[in-house]
Amino acid sequence: MLFTPTVIKNLLKKPATRLYPFTVREPFPNYRGELYIDIDGCIFCGTCSRKCPSQCIEVDKNEGTWTCNPHACVYCGICRDSCPTKCLHMKDVHRKPMTERIMMVEKGEPPKPKKKAAAAEAPKAADKKAEPAKADDKKAEPATADKAKKK
Amino acid sequence: MATTVIPFGPQHPVLPEPVHLTLKVEDEIVKEAIPALGYVHRGLEKLADIRDYHQMIQVCERVCGICSMIHAVCYSQAIEELMGVEVPKRAQVLRVIWSELHRTHSHLLWLGLFADAFGFESLFMQFWKIRERIMDINEATTGSRVIVSVNVIGGVRADLSPEQIRWILSEVDIVEKEVRALQDTIMNDYTVKARTVGVGVLSKENAYLLGAAGPTLRGSGVAQDMRMLGYGGYSEIDFEPVVETSGDCWARSTVRFRETLQSMDLVRQAIAKLPEGELAAKVKGNPPEGEVYTRVEQPRGECVYYIKGNGTKHLDRLRIRTPTFANIPPLLAMLPGCELADVPVIVLSIDPCISCTER
């Protein structure tokens, strides 16, 4: 009986929910949705890849590629905040469901090495890059498990 | 009388997460309950070996989705204590605001689930309708509904603008008004009382002896709340724990209901005392060798983090004791003597968060 006033109020009001696929709520401007990169602004420094908690980003300075596994991404926005050139952005809507796994691969123009150091540094940089790339592959697995957390 | 064994869980309509209880029943009366856990163990503590101490914040947030903010606060406080970082006042108070918003939405979620457990579906929908306003505040101010990810070591990485503060205050008023409209139903309704009063009684002595935490403990009359320690921004806020004395399911739900209203008040207090200033202190270097032990109050009770640093960017040890882990022995003490039909209500009355427990 104590619930009756609420029941009567609800009967007279419009539904509290929206007819979802037909009526979509305006997204909040700060929402951390789909991650994308403006590859022309990228200097391939690898900061995003090092800071990423789920280690879903790989940056290859020599090839000039930026690779992200959107299924492992946890949408924390740390890469976006730490990017020195602010070339990473997040849309204010979430990614649509997908039927197959994808990898986001963006190819850009790698920065030209400085003239003097170019010859000496190039082989070293290649060695350095090779190791973390391998390690990243292994670490990507537990991160996907984190994401499976519901509630 | 012959004893029958009835398995309860791991998949059960009332359980949002998998936990198994082996119930030994005689006639309709439960005589003994034996728990089995381990269905959702993810090994998050072990990740401290391969993720650096900054990245572990995002891992700790995922220990529990519902109180993600408070897990991150507890972890950050531990690292800050180990490294001797002074958190700016504004960041501390902002942490309080988001923590209390998390507590509110967690309690509203639980009140809904609890109503659902005794078959009051319209009350469940009513509570979840109110909760949506809090989720909107989280989404607009932090960028995500549940896993807010606003903590960093040394402070926070999001701020509240004056317009957002005005909007939060108006939303909080509406939430409080709407929650108060349901007070009579959840506390005094005849049907609700028939399912909750005198069910699953935990005495004050037993609650203390078995190490109950949070609303389970306070529902039994022990006024113990980690916010009384005044950690972080709570030192600036007037706070008194909510206590009920009857120790049954009704007391535990009433504690949570009153805490929801109290959290609204704490959000208002925190906003009134929000100082100007920096959002995060600069953190340099790695955590030194040493051990730290921090505790905070989560919606479900006292959460304890133990960390051990070794001078590198990886921690030697991260140990998390979550409140549901502490509340399982009291649950086993509540069950004997109850009717089989009351088991779902009693199990839900400790607000079980199994993913928290198994990490």
# chains A, B, ... in the order shown; residues from 1 in each chain; ligands from 1

call {"tool": "interface_residues", "arguments": {"of": "chain B", "to": "chain A", "cutoff": "8 Å", "atoms": "only C-alpha atoms", "output": "list of chain:residue names"}}
result
B:Pro16, B:Arg42, B:Leu44, B:Ile50, B:Arg51, B:Gln55, B:Met56, B:Gln58, B:Val59, B:Arg62, B:Cys64, B:Gly65, B:Ile66, B:Lys129, B:Glu139, B:Ala140, B:Thr141, B:Thr142, B:Gly143, B:Ser144, B:Ser149, B:Ala181, B:Leu182, B:Asp184, B:Thr185, B:Asp189, B:Ser355

call {"tool": "write_last_selection", "arguments": {"atoms": "C-alpha atoms", "output": "compact mmCIF listing (two decimals), in the first residue's frame"}}
result
# COMPACT_ATOMS: atom_id res chain seq x y z
CA PRO B 16 24.78 -11.27 -10.10
CA ARG B 42 41.49 -13.13 -12.54
CA LEU B 44 44.87 -9.02 -10.83
CA ILE B 50 54.32 -6.63 -15.33
CA ARG B 51 52.47 -3.30 -15.05
CA GLN B 55 49.32 1.53 -14.76
CA MET B 56 48.24 -0.47 -11.70
CA GLN B 58 43.61 1.08 -13.96
CA VAL B 59 44.06 -2.54 -12.88
CA ARG B 62 38.85 -3.18 -12.36
CA CYS B 64 35.38 -4.06 -8.66
CA GLY B 65 33.33 -2.22 -11.22
CA ILE B 66 30.84 -0.80 -8.76
CA LYS B 129 15.72 4.75 -12.35
CA GLU B 139 29.67 10.27 -17.22
CA ALA B 140 29.51 14.03 -17.63
CA THR B 141 32.23 14.85 -15.09
CA THR B 142 34.71 12.01 -15.62
CA GLY B 143 34.02 10.60 -19.06
CA SER B 144 32.72 7.19 -18.08
CA SER B 149 39.53 6.51 -14.22
CA ALA B 181 9.80 8.99 -1.58
CA LEU B 182 10.71 5.29 -1.38
CA ASP B 184 8.35 4.16 3.58
CA THR B 185 8.22 1.30 1.09
CA ASP B 189 5.94 -1.87 3.93
CA SER B 355 34.68 -10.46 -8.39

call {"tool": "select_by_dssp", "arguments": {"residues": "segment 104-284 of chain B", "states": "helix (DSSP H, G or I)", "output": "VMD selection string"}}
result
chain B and resid 104 to 117 121 to 142 162 to 181 183 to 188 190 to 196 204 to 209 215 to 218 226 to 229 232 to 236 249 to 272

call {"tool": "residues_around", "arguments": {"residues": "segment 225-242 of chain B", "least_positions_apart": "5", "cutoff": "9 Å", "atoms": "only C-alpha atoms", "output": "PDB file with N, CA and C atoms, in the first residue's frame"}}
result
ATOM      1  N   VAL B  73      41.331   5.039  -5.203  1.00  0.00           N
ATOM      2  CA  VAL B  73      41.728   5.958  -4.131  1.00  0.00           C
ATOM      3  C   VAL B  73      42.595   5.217  -3.122  1.00  0.00           C
ATOM      4  N   GLN B  77      46.414   6.147  -2.446  1.00  0.00           N
ATOM      5  CA  GLN B  77      46.831   6.576  -1.100  1.00  0.00           C
ATOM      6  C   GLN B  77      48.019   5.758  -0.610  1.00  0.00           C
ATOM      7  N   VAL B  87      49.212  15.205  -1.469  1.00  0.00           N
ATOM      8  CA  VAL B  87      48.121  15.393  -2.441  1.00  0.00           C
ATOM      9  C   VAL B  87      47.495  16.762  -2.223  1.00  0.00           C
ATOM     10  N   LYS B  89      44.882  19.748  -1.733  1.00  0.00           N
ATOM     11  CA  LYS B  89      43.588  19.715  -1.028  1.00  0.00           C
ATOM     12  C   LYS B  89      42.418  19.549  -1.985  1.00  0.00           C
ATOM     13  N   ARG B  90      42.486  20.246  -3.120  1.00  0.00           N
ATOM     14  CA  ARG B  90      41.369  20.180  -4.061  1.00  0.00           C
ATOM     15  C   ARG B  90      41.185  18.744  -4.581  1.00  0.00           C
ATOM     16  N   ALA B  91      42.303  18.098  -4.861  1.00  0.00           N
ATOM     17  CA  ALA B  91      42.223  16.718  -5.366  1.00  0.00           C
ATOM     18  C   ALA B  91      41.607  15.811  -4.304  1.00  0.00           C
ATOM     19  N   GLN B  92      41.994  16.049  -3.030  1.00  0.00           N
ATOM     20  CA  GLN B  92      41.448  15.205  -1.951  1.00  0.00           C
ATOM     21  C   GLN B  92      39.935  15.338  -1.869  1.00  0.00           C
ATOM     22  N   VAL B  93      39.449  16.587  -1.948  1.00  0.00           N
ATOM     23  CA  VAL B  93      38.006  16.797  -1.821  1.00  0.00           C
ATOM     24  C   VAL B  93      37.279  16.259  -3.063  1.00  0.00           C
ATOM     25  N   LEU B  94      37.905  16.425  -4.248  1.00  0.00           N
ATOM     26  CA  LEU B  94      37.288  15.867  -5.455  1.00  0.00           C
ATOM     27  C   LEU B  94      37.173  14.347  -5.343  1.00  0.00           C
ATOM     28  N   ARG B  95      38.195  13.732  -4.760  1.00  0.00           N
ATOM     29  CA  ARG B  95      38.128  12.282  -4.562  1.00  0.00           C
ATOM     30  C   ARG B  95      36.945  11.911  -3.659  1.00  0.00           C
ATOM     31  N   VAL B  96      36.712  12.739  -2.624  1.00  0.00           N
ATOM     32  CA  VAL B  96      35.570  12.475  -1.738  1.00  0.00           C
ATOM     33  C   VAL B  96      34.264  12.558  -2.522  1.00  0.00           C
ATOM     34  N   ALA B 213      32.255  -6.515   8.022  1.00  0.00           N
ATOM     35  CA  ALA B 213      32.687  -5.179   7.614  1.00  0.00           C
ATOM     36  C   ALA B 213      31.516  -4.418   7.011  1.00  0.00           C
ATOM     37  N   GLY B 214      31.614  -3.102   7.125  1.00  0.00           N
ATOM     38  CA  GLY B 214      30.659  -2.224   6.444  1.00  0.00           C
ATOM     39  C   GLY B 214      29.250  -2.331   6.983  1.00  0.00           C
ATOM     40  N   PRO B 215      28.250  -2.165   6.104  1.00  0.00           N
ATOM     41  CA  PRO B 215      26.854  -2.164   6.553  1.00  0.00           C
ATOM     42  C   PRO B 215      26.446  -3.450   7.280  1.00  0.00           C
ATOM     43  N   ARG B 218      27.627  -2.627  10.740  1.00  0.00           N
ATOM     44  CA  ARG B 218      26.869  -1.521  11.325  1.00  0.00           C
ATOM     45  C   ARG B 218      25.403  -1.892  11.520  1.00  0.00           C
ATOM     46  N   GLY B 219      24.909  -2.802  10.700  1.00  0.00           N
ATOM     47  CA  GLY B 219      23.539  -3.268  10.890  1.00  0.00           C
ATOM     48  C   GLY B 219      23.381  -4.060  12.170  1.00  0.00           C
ATOM     49  N   VAL B 255      20.444   0.426   6.908  1.00  0.00           N
ATOM     50  CA  VAL B 255      21.744   1.106   6.988  1.00  0.00           C
ATOM     51  C   VAL B 255      22.124   1.629   5.604  1.00  0.00           C
ATOM     52  N   ARG B 256      21.967   0.782   4.593  1.00  0.00           N
ATOM     53  CA  ARG B 256      22.367   1.204   3.240  1.00  0.00           C
ATOM     54  C   ARG B 256      21.461   2.319   2.741  1.00  0.00           C
ATOM     55  N   ARG B 258      19.900   4.575   4.563  1.00  0.00           N
ATOM     56  CA  ARG B 258      20.260   5.839   5.225  1.00  0.00           C
ATOM     57  C   ARG B 258      21.617   6.348   4.774  1.00  0.00           C
ATOM     58  N   GLU B 259      22.515   5.424   4.439  1.00  0.00           N
ATOM     59  CA  GLU B 259      23.835   5.851   3.946  1.00  0.00           C
ATOM     60  C   GLU B 259      23.727   6.532   2.580  1.00  0.00           C
ATOM     61  N   GLN B 262      22.862   9.903   3.406  1.00  0.00           N
ATOM     62  CA  GLN B 262      24.013  10.554   4.034  1.00  0.00           C
ATOM     63  C   GLN B 262      25.055  10.931   2.981  1.00  0.00           C
ATOM     64  N   LEU B 266      27.071  14.288   2.199  1.00  0.00           N
ATOM     65  CA  LEU B 266      28.534  14.408   2.160  1.00  0.00           C
ATOM     66  C   LEU B 266      28.984  15.060   0.848  1.00  0.00           C
ATOM     67  N   GLN B 269      28.435  18.719   1.352  1.00  0.00           N
ATOM     68  CA  GLN B 269      29.471  19.262   2.243  1.00  0.00           C
ATOM     69  C   GLN B 269      30.791  19.413   1.511  1.00  0.00           C
ATOM     70  N   ALA B 270      31.172  18.358   0.752  1.00  0.00           N
ATOM     71  CA  ALA B 270      32.463  18.386   0.051  1.00  0.00           C
ATOM     72  C   ALA B 270      32.476  19.508  -0.978  1.00  0.00           C
ATOM     73  N   LYS B 273      33.056  22.776   0.577  1.00  0.00           N
ATOM     74  CA  LYS B 273      34.420  22.990   1.086  1.00  0.00           C
ATOM     75  C   LYS B 273      35.475  22.801   0.014  1.00  0.00           C
ATOM     76  N   ARG B 295      43.664   1.596   4.413  1.00  0.00           N
ATOM     77  CA  ARG B 295      42.287   1.100   4.384  1.00  0.00           C
ATOM     78  C   ARG B 295      41.327   2.250   4.135  1.00  0.00           C
ATOM     79  N   VAL B 296      40.302   1.955   3.396  1.00  0.00           N
ATOM     80  CA  VAL B 296      39.264   2.944   3.106  1.00  0.00           C
ATOM     81  C   VAL B 296      37.913   2.268   3.278  1.00  0.00           C
ATOM     82  N   GLU B 297      36.872   3.086   3.308  1.00  0.00           N
ATOM     83  CA  GLU B 297      35.522   2.533   3.418  1.00  0.00           C
ATOM     84  C   GLU B 297      34.887   2.468   2.037  1.00  0.00           C
ATOM     85  N   GLN B 298      34.542   1.279   1.645  1.00  0.00           N
ATOM     86  CA  GLN B 298      33.847   1.071   0.384  1.00  0.00           C
ATOM     87  C   GLN B 298      32.370   0.946   0.672  1.00  0.00           C
ATOM     88  N   GLY B 301      32.101  -2.023   2.749  1.00  0.00           N
ATOM     89  CA  GLY B 301      32.829  -2.081   4.018  1.00  0.00           C
ATOM     90  C   GLY B 301      34.290  -1.739   3.861  1.00  0.00           C
ATOM     91  N   GLU B 302      35.062  -2.189   4.833  1.00  0.00           N
ATOM     92  CA  GLU B 302      36.464  -1.804   4.898  1.00  0.00           C
ATOM     93  C   GLU B 302      37.279  -2.553   3.845  1.00  0.00           C
ATOM     94  N   CYS B 303      38.018  -1.795   3.043  1.00  0.00           N
ATOM     95  CA  CYS B 303      38.879  -2.398   2.024  1.00  0.00           C
ATOM     96  C   CYS B 303      40.330  -2.113   2.407  1.00  0.00           C
TER      97      CYS B 303
END

call {"tool": "select_by_dssp", "arguments": {"residues": "segment 149-241 of chain B", "states": "strand (DSSP E)", "output": "VMD selection string"}}
result
chain B and resid 151 to 152 155 to 156

call {"tool": "closest_residue", "arguments": {"among": "B:Pro336, B:Pro13, B:Gly38, B:Pro288", "to": "Asp116 of chain B", "atoms": "only C-alpha atoms"}}
result
B:Pro13

call {"tool": "residues_around", "arguments": {"residues": "Arg80 of chain A", "least_positions_apart": "2", "cutoff": "12 Å", "atoms": "only C-alpha atoms", "output": "ChimeraX atom specification"}}
result
/A:32-38,42,47-49,51-52,57,75-78,82-91

call {"tool": "residues_around", "arguments": {"residues": "Ile271 of chain B", "least_positions_apart": "6", "cutoff": "10 Å", "atoms": "only C-alpha atoms", "output": "PDB file with C-alpha atoms, in the first residue's frame"}}
result
ATOM      1  CA  VAL B  93      38.006  16.797  -1.821  1.00  0.00           C
ATOM      2  CA  LEU B  94      37.288  15.867  -5.455  1.00  0.00           C
ATOM      3  CA  VAL B  96      35.570  12.475  -1.738  1.00  0.00           C
ATOM      4  CA  ILE B  97      32.891  13.770  -4.124  1.00  0.00           C
ATOM      5  CA  LEU B 160      34.618  20.180 -11.848  1.00  0.00           C
ATOM      6  CA  ILE B 165      28.962  21.877  -9.599  1.00  0.00           C
ATOM      7  CA  ARG B 166      25.626  23.702  -9.863  1.00  0.00           C
ATOM      8  CA  ILE B 168      25.512  18.195  -9.542  1.00  0.00           C
ATOM      9  CA  LEU B 169      23.894  20.030  -6.613  1.00  0.00           C
ATOM     10  CA  ASP B 265      24.800  15.190   2.281  1.00  0.00           C
TER      11      ASP B 265
END

call {"tool": "atom_distance", "arguments": {"atom1": "atom CA of Val292 of chain B", "atom2": "atom CA of Ala72 of chain B"}}
result
15.2 Å

call {"tool": "residues_around", "arguments": {"residues": "Leu21 of chain B", "least_positions_apart": "5", "cutoff": "12 Å", "atoms": "only C-alpha atoms", "output": "ChimeraX atom specification"}}
result
/B:5-12,15,30,32-37,328,331-332,335,343-344,347

call {"tool": "closest_residue", "arguments": {"among": "B:Val283, B:Leu111, B:Met334, B:Met264", "to": "Thr216 of chain B", "atoms": "only C-alpha atoms"}}
result
B:Met334

call {"tool": "atom_distance", "arguments": {"atom1": "atom CA of Arg252 of chain B", "atom2": "atom CA of Tyr190 of chain B"}}
result
17.2 Å

call {"tool": "residues_around", "arguments": {"residues": "Lys204 of chain B", "least_positions_apart": "5", "cutoff": "10 Å", "atoms": "only C-alpha atoms", "output": "number ranges by chain"}}
result
B: 209, 212, 217-222, 245-247

call {"tool": "write_last_selection", "arguments": {"atoms": "C-alpha atoms", "output": "short mmCIF file (atom, residue, chain, number, x, y, z; two decimals), in the first residue's frame"}}
result
data_model
loop_
_atom_site.label_atom_id
_atom_site.label_comp_id
_atom_site.auth_asym_id
_atom_site.auth_seq_id
_atom_site.Cartn_x
_atom_site.Cartn_y
_atom_site.Cartn_z
CA LEU B 209 34.10 -11.75 16.38
CA ALA B 212 32.16 -8.42 9.53
CA LEU B 217 28.73 -4.79 10.80
CA ARG B 218 26.87 -1.52 11.32
CA GLY B 219 23.54 -3.27 10.89
CA SER B 220 24.46 -5.32 13.93
CA GLY B 221 25.10 -2.25 16.05
CA VAL B 222 28.87 -1.75 15.83
CA THR B 245 20.90 -2.50 16.08
CA SER B 246 18.58 -5.35 15.13
CA GLY B 247 21.19 -7.22 13.01
#
